[in-house]
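The structure under discussion appears below in the form of structure tokens.
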Amino acid sequence: MTLRFYTHPIYLEHLTPEGHPERPDRLRAIEKALEHEVFAGLERVEAPEGDPDTILYAHPQSHLDRIHVAIPEEGIARVDADTAVSPKSWQAALTALGAANAAVDDVFEGRADNVFVAARPPGHHAEKDRAMGFCLFNNAAIAARHAQRKHGAERVAVIDWDVHHGNGTQDIFWDDASVLYCSTHQMPLYPGTGAKHETGAGTIVNAPLSPGDGSAAFREAFRTRVLKSLDDFAPDLIVISAGFDAHHRDPLAEINLTEDDFDWATGELMERAGRFCDDRLVSLLEGGYDLQGLAVSVATHIRRMMKG
């Protein structure tokens, strides 16, 4: 498989308060793990800065303006209790969505079979008109809309295995039957959404897990709800909201997955990408706050994407 890997030094300049779990060291840990010789052939590409107009694919102008004016000239400012911005956060956020859209271009234009984007800030909690949960703009939603607008994709699937429910992605696609949104997540947990009965236009599929659940419960939920829905939907593109905070080491939740579970889930989605999407699969980093658990999980995920 031809895999591209996008990142950029600007992501390290999106600063958060001391002790904040969503910190630049997350990307440093991933880069360290990818120094292993098994990744010597990985095609590494510097992420491009995105077009601010593409934010409007998923958010209104008022949201874009609100975030833009919140960026401080120095220091760190709060957007909400959990979400912070610093002087380079606007450029980092534009480069995160720029990488997501470039990844979509790559898989539709034949430069890669699949792409992993290691960017900050993450995106799946950003609702249509609200930044929250460490997220400013919803990178996965923007990428899905980009695939539809530029490449004519009729059906896009967003698969979210972050341990926190992607309320933002659900909010953006609630009434849109052209996008399948499937999420496995711990419940109860922040942000409090993601019950099974939340179905939107019929293409919202939630598979909540209980605190303490591990591999067996995750794989059963993934197999019976996520993969079954994906098979029925037959998408033209699969976008993964790839959070790794369901790893048993993570401090923000109580799900007990290992890197082998992410390997398995990646393989299952790649099989569907091969069957439905001409291998087109884009994976965007979301959560994962224990540096060791994050690094080994991302490395395992990327290795599976490279192997097919």
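Here's how to read the names in the structure tokens: chain A, B, ... by the order shown, residue numbers from 1 in each chain, ligand numbers from 1 in the order shown.
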Open item on the list: With only C-alpha atoms as the counted atoms, please give the residues lying no more than 6 Å from Val239 (chain A), apart from itself and same-chain residues fewer than 2 positions off, as a list in words.
Closed with: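 With the cut-off at 6 Å, the set is Val158, Leu281, Val282 and Ser283 of chain A.
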Hey, could you make a per-residue contact list for region 147-243 of chain A against region 91-108 of chain A with 9 Å as the cut-off, showing the nearest pair of atoms and its distance in Å to one decimal, counting only C-alpha atoms, sorted by chain and number, as a tab-separated table?
```
residue	atom	partner	partner_atom	distance
A:Ala147	CA	A:Val104	CA	6.3
A:Lys150	CA	A:Asp105	CA	8.5
A:His151	CA	A:Phe108	CA	7.0
A:Leu237	CA	A:Val104	CA	8.6
A:Val239	CA	A:Val104	CA	8.9
```
Residue subset to file, keeping all heavy atoms, as a PDB file, in the first residue's frame:
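That gives us selection-v2.pdb:
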```
ATOM      1  N   ALA A 147     -14.299  16.044  -0.051  1.00  0.00           N
ATOM      2  CA  ALA A 147     -14.403  14.898  -0.966  1.00  0.00           C
ATOM      3  C   ALA A 147     -15.666  14.988  -1.815  1.00  0.00           C
ATOM      4  O   ALA A 147     -15.653  14.661  -3.013  1.00  0.00           O
ATOM      5  CB  ALA A 147     -14.401  13.597  -0.165  1.00  0.00           C
ATOM      6  N   LYS A 150     -15.237  18.570  -4.193  1.00  0.00           N
ATOM      7  CA  LYS A 150     -14.181  18.598  -5.214  1.00  0.00           C
ATOM      8  C   LYS A 150     -14.122  17.327  -6.043  1.00  0.00           C
ATOM      9  O   LYS A 150     -13.806  17.383  -7.245  1.00  0.00           O
ATOM     10  CB  LYS A 150     -12.823  18.850  -4.555  1.00  0.00           C
ATOM     11  CG  LYS A 150     -11.689  18.958  -5.570  1.00  0.00           C
ATOM     12  CD  LYS A 150     -10.374  19.371  -4.935  1.00  0.00           C
ATOM     13  CE  LYS A 150      -9.273  19.478  -5.983  1.00  0.00           C
ATOM     14  NZ  LYS A 150      -7.984  19.890  -5.370  1.00  0.00           N
ATOM     15  N   HIS A 151     -14.419  16.180  -5.418  1.00  0.00           N
ATOM     16  CA  HIS A 151     -14.189  14.905  -6.099  1.00  0.00           C
ATOM     17  C   HIS A 151     -15.470  14.140  -6.403  1.00  0.00           C
ATOM     18  O   HIS A 151     -15.411  13.029  -6.926  1.00  0.00           O
ATOM     19  CB  HIS A 151     -13.242  14.047  -5.263  1.00  0.00           C
ATOM     20  CG  HIS A 151     -11.905  14.690  -5.039  1.00  0.00           C
ATOM     21  ND1 HIS A 151     -10.946  14.778  -6.039  1.00  0.00           N
ATOM     22  CD2 HIS A 151     -11.379  15.312  -3.954  1.00  0.00           C
ATOM     23  CE1 HIS A 151      -9.885  15.410  -5.557  1.00  0.00           C
ATOM     24  NE2 HIS A 151     -10.117  15.749  -4.307  1.00  0.00           N
ATOM     25  N   LEU A 237     -15.457   6.881   0.197  1.00  0.00           N
ATOM     26  CA  LEU A 237     -14.275   7.269   0.964  1.00  0.00           C
ATOM     27  C   LEU A 237     -14.538   6.946   2.426  1.00  0.00           C
ATOM     28  O   LEU A 237     -15.650   7.147   2.914  1.00  0.00           O
ATOM     29  CB  LEU A 237     -14.001   8.777   0.823  1.00  0.00           C
ATOM     30  CG  LEU A 237     -12.930   9.380   1.755  1.00  0.00           C
ATOM     31  CD1 LEU A 237     -11.533   8.888   1.374  1.00  0.00           C
ATOM     32  CD2 LEU A 237     -12.996  10.907   1.738  1.00  0.00           C
ATOM     33  N   VAL A 239     -13.094   8.037   6.146  1.00  0.00           N
ATOM     34  CA  VAL A 239     -12.284   8.930   6.972  1.00  0.00           C
ATOM     35  C   VAL A 239     -12.321   8.399   8.395  1.00  0.00           C
ATOM     36  O   VAL A 239     -13.404   8.127   8.925  1.00  0.00           O
ATOM     37  CB  VAL A 239     -12.821  10.376   6.947  1.00  0.00           C
ATOM     38  CG1 VAL A 239     -11.991  11.269   7.862  1.00  0.00           C
ATOM     39  CG2 VAL A 239     -12.827  10.924   5.521  1.00  0.00           C
TER      40      VAL A 239
END
```
Task: One-decimal distance in Å that lies between CA of Thr199 (chain A) and CA of Thr258 (chain A) - done: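 Calculated distance between CA of Thr258 (chain A) and CA of Thr199 (chain A) is 28.7 Å.
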Open item on the list: List as a ChimeraX atom specification the protein and nucleic acid residues near Asp279 (chain A), meaning an atom at most 8 Å away when only C-alpha atoms are counted, but skip any in the same chain fewer than 3 places from it.
Closed with: /A:113-114,270,272-276
Considering only C-alpha atoms, give me a table of residues in region 258-302 of chain A that are at most 12 Å from region 200-216 of chain A, with the closest atom pair and distance in Å for each, as JSON lines.
```
{"residue": "A:Thr258", "atom": "CA", "partner": "A:Ser215", "partner_atom": "CA", "distance": 7.5}
{"residue": "A:Glu259", "atom": "CA", "partner": "A:Ser215", "partner_atom": "CA", "distance": 10.1}
{"residue": "A:Asp260", "atom": "CA", "partner": "A:Ser215", "partner_atom": "CA", "distance": 8.9}
{"residue": "A:Asp261", "atom": "CA", "partner": "A:Ser215", "partner_atom": "CA", "distance": 6.4}
{"residue": "A:Phe262", "atom": "CA", "partner": "A:Ser215", "partner_atom": "CA", "distance": 9.7}
{"residue": "A:Asp263", "atom": "CA", "partner": "A:Ser215", "partner_atom": "CA", "distance": 11.7}
{"residue": "A:Trp264", "atom": "CA", "partner": "A:Ser215", "partner_atom": "CA", "distance": 10.2}
{"residue": "A:Ala265", "atom": "CA", "partner": "A:Ser215", "partner_atom": "CA", "distance": 10.7}
```
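Using only C-alpha atoms, the protein and nucleic acid residues lying no more than 7 Å from Lys128 (chain A), apart from those fewer than 5 places from it along its own chain, are Ala58, His59, Pro60, Gly168, Asp171 and Ile172 of chain A.
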- [ ] For Glu46 (chain A), please output as a ChimeraX atom specification all residues within 8 Å (counting only C-alpha atoms; exclusion window: fewer than 6 positions along the same chain).
- [x] /A:6-8
Open item on the list: Residues within 10 Å of Glu73 (chain A), please, as an MDAnalysis selection string. Count only C-alpha atoms; anything in the same chain fewer than 6 positions from it doesn't count.
Closed with: chainID A and resid 86:88
If you run DSSP over the backbone, which residues in region 190-285 of chain A end up strand (DSSP E)? Put them as a compact mmCIF listing (two decimals) with N, CA and C atoms, in the first residue's frame.
```
# COMPACT_ATOMS: atom_id res chain seq x y z
N ILE A 204 -26.44 8.10 11.50
CA ILE A 204 -25.64 8.25 12.72
C ILE A 204 -25.73 6.94 13.47
N VAL A 205 -24.59 6.31 13.73
CA VAL A 205 -24.55 5.00 14.38
C VAL A 205 -23.61 5.08 15.58
N ASN A 206 -24.17 5.02 16.76
CA ASN A 206 -23.37 5.05 17.98
C ASN A 206 -23.29 3.67 18.60
N ALA A 207 -22.09 3.33 19.05
CA ALA A 207 -21.84 2.04 19.69
C ALA A 207 -21.12 2.28 21.02
N PRO A 208 -21.86 2.76 22.03
CA PRO A 208 -21.22 3.11 23.29
C PRO A 208 -20.70 1.90 24.05
N LEU A 209 -19.58 2.11 24.74
CA LEU A 209 -18.96 1.10 25.59
C LEU A 209 -19.06 1.54 27.04
N LEU A 237 -15.46 6.88 0.20
CA LEU A 237 -14.28 7.27 0.96
C LEU A 237 -14.54 6.95 2.43
N ILE A 238 -13.49 6.46 3.11
CA ILE A 238 -13.55 6.27 4.56
C ILE A 238 -12.58 7.25 5.21
N VAL A 239 -13.09 8.04 6.15
CA VAL A 239 -12.28 8.93 6.97
C VAL A 239 -12.32 8.40 8.40
N ILE A 240 -11.15 8.21 9.00
CA ILE A 240 -11.09 7.76 10.39
C ILE A 240 -10.78 8.95 11.28
N SER A 241 -11.63 9.17 12.29
CA SER A 241 -11.26 10.04 13.40
C SER A 241 -10.51 9.16 14.39
N ALA A 242 -9.19 9.19 14.27
CA ALA A 242 -8.34 8.20 14.94
C ALA A 242 -7.84 8.74 16.27
N LEU A 281 -8.65 5.72 1.90
CA LEU A 281 -8.83 5.81 3.34
C LEU A 281 -7.93 6.92 3.87
N VAL A 282 -8.51 7.82 4.66
CA VAL A 282 -7.79 8.94 5.27
C VAL A 282 -7.98 8.86 6.77
N SER A 283 -6.89 8.89 7.51
CA SER A 283 -6.93 8.79 8.97
C SER A 283 -6.39 10.08 9.58
N LEU A 284 -7.18 10.68 10.48
CA LEU A 284 -6.84 11.96 11.10
C LEU A 284 -6.69 11.76 12.60
N LEU A 285 -5.57 12.20 13.15
CA LEU A 285 -5.34 12.07 14.58
C LEU A 285 -6.34 12.90 15.37
```
Give me the residues within 8 Å of Thr169 (chain A) as a short mmCIF file (atom, residue, chain, number, x, y, z; two decimals) with all heavy atoms, in the first residue's frame, counting only C-alpha atoms and dropping any in the same chain fewer than 2 places off.
```cif
data_model
loop_
_atom_site.label_atom_id
_atom_site.label_comp_id
_atom_site.auth_asym_id
_atom_site.auth_seq_id
_atom_site.Cartn_x
_atom_site.Cartn_y
_atom_site.Cartn_z
N HIS A 124 -12.87 16.55 16.35
CA HIS A 124 -14.18 15.90 16.29
C HIS A 124 -15.20 16.42 17.31
O HIS A 124 -16.39 16.12 17.19
CB HIS A 124 -14.04 14.38 16.38
CG HIS A 124 -13.72 13.84 17.73
ND1 HIS A 124 -14.17 12.61 18.15
CD2 HIS A 124 -12.99 14.35 18.76
CE1 HIS A 124 -13.74 12.38 19.38
NE2 HIS A 124 -13.01 13.41 19.76
N HIS A 125 -14.77 17.23 18.29
CA HIS A 125 -15.74 17.84 19.21
C HIS A 125 -16.26 19.18 18.70
O HIS A 125 -17.21 19.73 19.29
CB HIS A 125 -15.10 18.06 20.59
CG HIS A 125 -14.84 16.79 21.34
ND1 HIS A 125 -15.81 15.82 21.53
CD2 HIS A 125 -13.71 16.32 21.94
CE1 HIS A 125 -15.28 14.82 22.22
NE2 HIS A 125 -14.02 15.10 22.47
N ALA A 126 -15.68 19.74 17.67
CA ALA A 126 -16.11 21.05 17.17
C ALA A 126 -17.45 20.92 16.45
O ALA A 126 -17.55 20.28 15.40
CB ALA A 126 -15.06 21.63 16.23
N GLU A 127 -18.49 21.50 17.05
CA GLU A 127 -19.81 21.49 16.46
C GLU A 127 -19.92 22.58 15.39
O GLU A 127 -18.98 23.33 15.15
CB GLU A 127 -20.86 21.69 17.55
CG GLU A 127 -20.87 20.56 18.57
CD GLU A 127 -21.92 20.73 19.65
OE1 GLU A 127 -22.44 21.86 19.81
OE2 GLU A 127 -22.22 19.74 20.34
N ASN A 138 -13.72 21.27 12.76
CA ASN A 138 -13.90 19.84 12.62
C ASN A 138 -13.22 19.34 11.35
O ASN A 138 -13.80 19.37 10.26
CB ASN A 138 -15.39 19.49 12.62
CG ASN A 138 -15.62 18.03 12.90
OD1 ASN A 138 -15.07 17.17 12.24
ND2 ASN A 138 -16.45 17.75 13.90
N ALA A 140 -12.36 16.34 10.28
CA ALA A 140 -12.95 15.19 9.59
C ALA A 140 -14.17 15.60 8.78
O ALA A 140 -14.37 15.14 7.64
CB ALA A 140 -13.31 14.11 10.60
N ALA A 141 -15.00 16.47 9.35
CA ALA A 141 -16.19 16.92 8.62
C ALA A 141 -15.81 17.75 7.40
O ALA A 141 -16.41 17.61 6.32
CB ALA A 141 -17.09 17.73 9.56
N GLY A 166 -17.70 11.83 19.31
CA GLY A 166 -17.49 12.98 18.43
C GLY A 166 -18.78 13.75 18.21
O GLY A 166 -19.38 13.74 17.13
N ASN A 167 -19.20 14.44 19.25
CA ASN A 167 -20.45 15.21 19.20
C ASN A 167 -20.47 16.22 18.07
O ASN A 167 -21.51 16.50 17.47
CB ASN A 167 -20.68 15.93 20.52
CG ASN A 167 -19.54 16.89 20.85
OD1 ASN A 167 -18.40 16.45 21.07
ND2 ASN A 167 -19.80 18.19 20.87
N ASP A 171 -23.17 16.40 15.14
CA ASP A 171 -23.97 17.62 14.98
C ASP A 171 -23.95 18.11 13.53
O ASP A 171 -25.00 18.46 12.97
CB ASP A 171 -23.40 18.70 15.91
CG ASP A 171 -24.08 20.05 15.73
OD1 ASP A 171 -25.30 20.13 15.93
OD2 ASP A 171 -23.38 21.03 15.40
N ILE A 172 -22.79 18.10 12.91
CA ILE A 172 -22.66 18.62 11.55
C ILE A 172 -23.41 17.76 10.54
O ILE A 172 -24.03 18.28 9.60
CB ILE A 172 -21.16 18.75 11.19
CG1 ILE A 172 -20.54 19.89 12.02
CG2 ILE A 172 -20.96 18.99 9.70
CD1 ILE A 172 -19.03 19.89 12.04
N PHE A 173 -23.42 16.44 10.74
CA PHE A 173 -24.02 15.54 9.75
C PHE A 173 -25.36 14.96 10.20
O PHE A 173 -25.85 14.00 9.61
CB PHE A 173 -23.04 14.41 9.42
CG PHE A 173 -21.79 14.87 8.74
CD1 PHE A 173 -20.54 14.59 9.28
CD2 PHE A 173 -21.85 15.61 7.58
CE1 PHE A 173 -19.38 15.03 8.65
CE2 PHE A 173 -20.70 16.06 6.94
CZ PHE A 173 -19.46 15.76 7.48
N TYR A 181 -21.86 8.45 9.92
CA TYR A 181 -20.99 8.69 11.07
C TYR A 181 -21.18 7.57 12.08
O TYR A 181 -22.29 7.37 12.60
CB TYR A 181 -21.28 10.04 11.73
CG TYR A 181 -20.46 10.23 12.99
CD1 TYR A 181 -19.07 10.40 12.90
CD2 TYR A 181 -21.03 10.22 14.25
CE1 TYR A 181 -18.30 10.54 14.05
CE2 TYR A 181 -20.27 10.37 15.40
CZ TYR A 181 -18.90 10.52 15.29
OH TYR A 181 -18.13 10.65 16.41
#
```
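Among the candidate residues A:Cys135, A:Ala112, A:Leu34, A:Ala70, the one lying nearest to Thr83 (chain A) is A:Cys135, with distances computed using only C-alpha atoms.
Shortest atom-to-atom contact with Leu136 (chain A) among A:Ile302, A:Leu42, A:Ala195, A:Ile55: A:Ile55, counting only C-alpha atoms.
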Task: Among the residues A:Gly41, A:Gly243, A:Gly19, A:Pro72, the one that comes closest to Ala119 (chain A) [using only C-alpha atoms] - done: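 Using only C-alpha atoms, Ala119 (chain A) sits closest to A:Gly243.
Interatomic distance, CA of Arg155 (chain A) against CA of Phe233 (chain A): 7.7 Å.
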TODO: For each of A:Pro122, A:Ile142, A:Glu109, A:Phe39, take the minimum atom-to-atom distance to Tyr57 (chain A), counting only C-alpha atoms, then give the residue where this is smallest.
DONE: A:Ile142
Open item on the list: Under the rule that only C-alpha atoms are counted, which of A:Val117, A:Ala84, A:Ala77, A:Val156 is the nearest residue to Val298 (chain A)?
Closed with: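 Of all the options, A:Val117 lies closest to Val298 (chain A).
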- [ ] Extract the full set of alpha helix (DSSP H) residues from region 62-203 of chain A according to DSSP on the backbone, and format it as a PyMOL selection string.
- [x] chain A and resi 62-70+89-109+139-151+167-172
TODO: State, in Å with one decimal place, the distance from CA of Arg28 (chain A) to CA of Val163 (chain A).
DONE: 21.5 Å
